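In what follows, a structure is listed as structure tokens, so that the remarks can point back to it.
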Amino acid sequence: MAACVFLKKRIMQKSKQDFFATVAEKSDGAQLRGDYTDISNDYVVRQNWGSYTEEQHALWRRLYQRQAELLPGRACDEFISSLQALEAADGIPDFEKTSDSLEKATGWRIVAVPGLIPELAFFTHLANRRFPVTVWLREPEEFDYIVEPDVFHDYFGHVPLLFNPIFADHIQEYGKGGLKAMGLGGLDQLARLYWYTIEFGLVQSPDGLRAYGAGILSSGGELKHCLEPSASRHIFLDVERCMRTLYKIDSYQETYFVIRDFRQLFDDTAPDFTPLYERIRLQETLPANTLLDNEVELVKG
Ligand code: PHE
Ligand code: CO
């Protein structure tokens, strides 16, 4: 999502000014990439679909085609079928059109945002079934790798599964849980869960492991890497264990957490996290490549 913890930690701030000041500091003075001049109070902008150039639509088509070819046998079925129904292969989609069909399916809409947005605005959108999608597209030189989430990551990676009723409910619950975690000092833990599930999660299928995380599905390299026997670990999701685990933002993941299905993800994250946040704060964090004694690797490296 626009404000996903994609390749940068998200930033919590009370006011817009604080938000920009913190971004500048954290990114060594670098500017946020989007155009924030015309944002509304909830950081929404107009997508301005007519202003995309023919070159940008062509770049989108190339990105889409490369990913689409990699999906069979690697992406979960729910993702593949929803993506096909979106008919987004021909160019950067018009968010309003997508929103109209998405709203019919699960009650979600897409809102256009200039790029990363503060935690409060981000969680508030999710809690109200609005998914923030960045308006700008990467440059051709960034075909294989991009640091900040762009429209291709946000849309291609995240939007298809919003058509799945259970997953759609889960993202809304995550948004509500984020608002709650802000008052409980649980944001780091919740961000790790988000990272290892919504961004980089794998799910079991009768034919083997499949990707459902948006960070994997929108990445040519990681979609291939994540299922291959490799140095990366593949272990069953345990929510508490996951929330203790540090993650890599500038390389492939060293651990992938695997769920049985979306129902498990929904059910395992439904309990009140308040006592969990307190307990985890007293424990050591775990390095990204940890394997605990009782854990079984599901893919042999
Ligand atoms: N159940 C969590 C809580 O009580 C909220 C949550 C739901 C978090 C779904 C993540 C995903 O805080
Ligand atoms: Co994302």
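By order of appearance in the structure tokens: chains A, B, ..., then residues from 1 within every chain, and ligands from 1 in the order shown.
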Would you mind writing down, as a ChimeraX atom specification, each residue of range 89-296 of chain A that DSSP on the backbone assigns to helix (DSSP H, G or I)?
/A:95-106,119-127,140-142,151-158,160-163,165-182,187-199,214-217,220-225,239-243,262-268,274-281
Counting only C-alpha atoms and all ligand atoms, name the residues that have an atom within 8 Å of an atom of ligand 1; the answer should be given as a PyMOL selection string.
chain A and resi 170-178+180-181+190+193-194+266+269-274
Pick from A:Val44, A:Cys226, A:Ala121, A:Ala58: nearest to Val133 in chain A, with only C-alpha atoms counted?
->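 Closest to Val133 in chain A of all the choices is A:Val44.
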* To do: Would you list the contacts of range 202-209 of chain A as number ranges by chain, taking every protein, DNA or RNA residue within 6 Å and counting only C-alpha atoms, but skipping same-chain residues closer than 6 positions in sequence?
  => A: 258-260
In terms of only C-alpha atoms and all ligand atoms, the residue from A:Ala288, A:Val111, A:Ile198, A:Leu246 at minimal distance from ligand 2 is A:Ile198
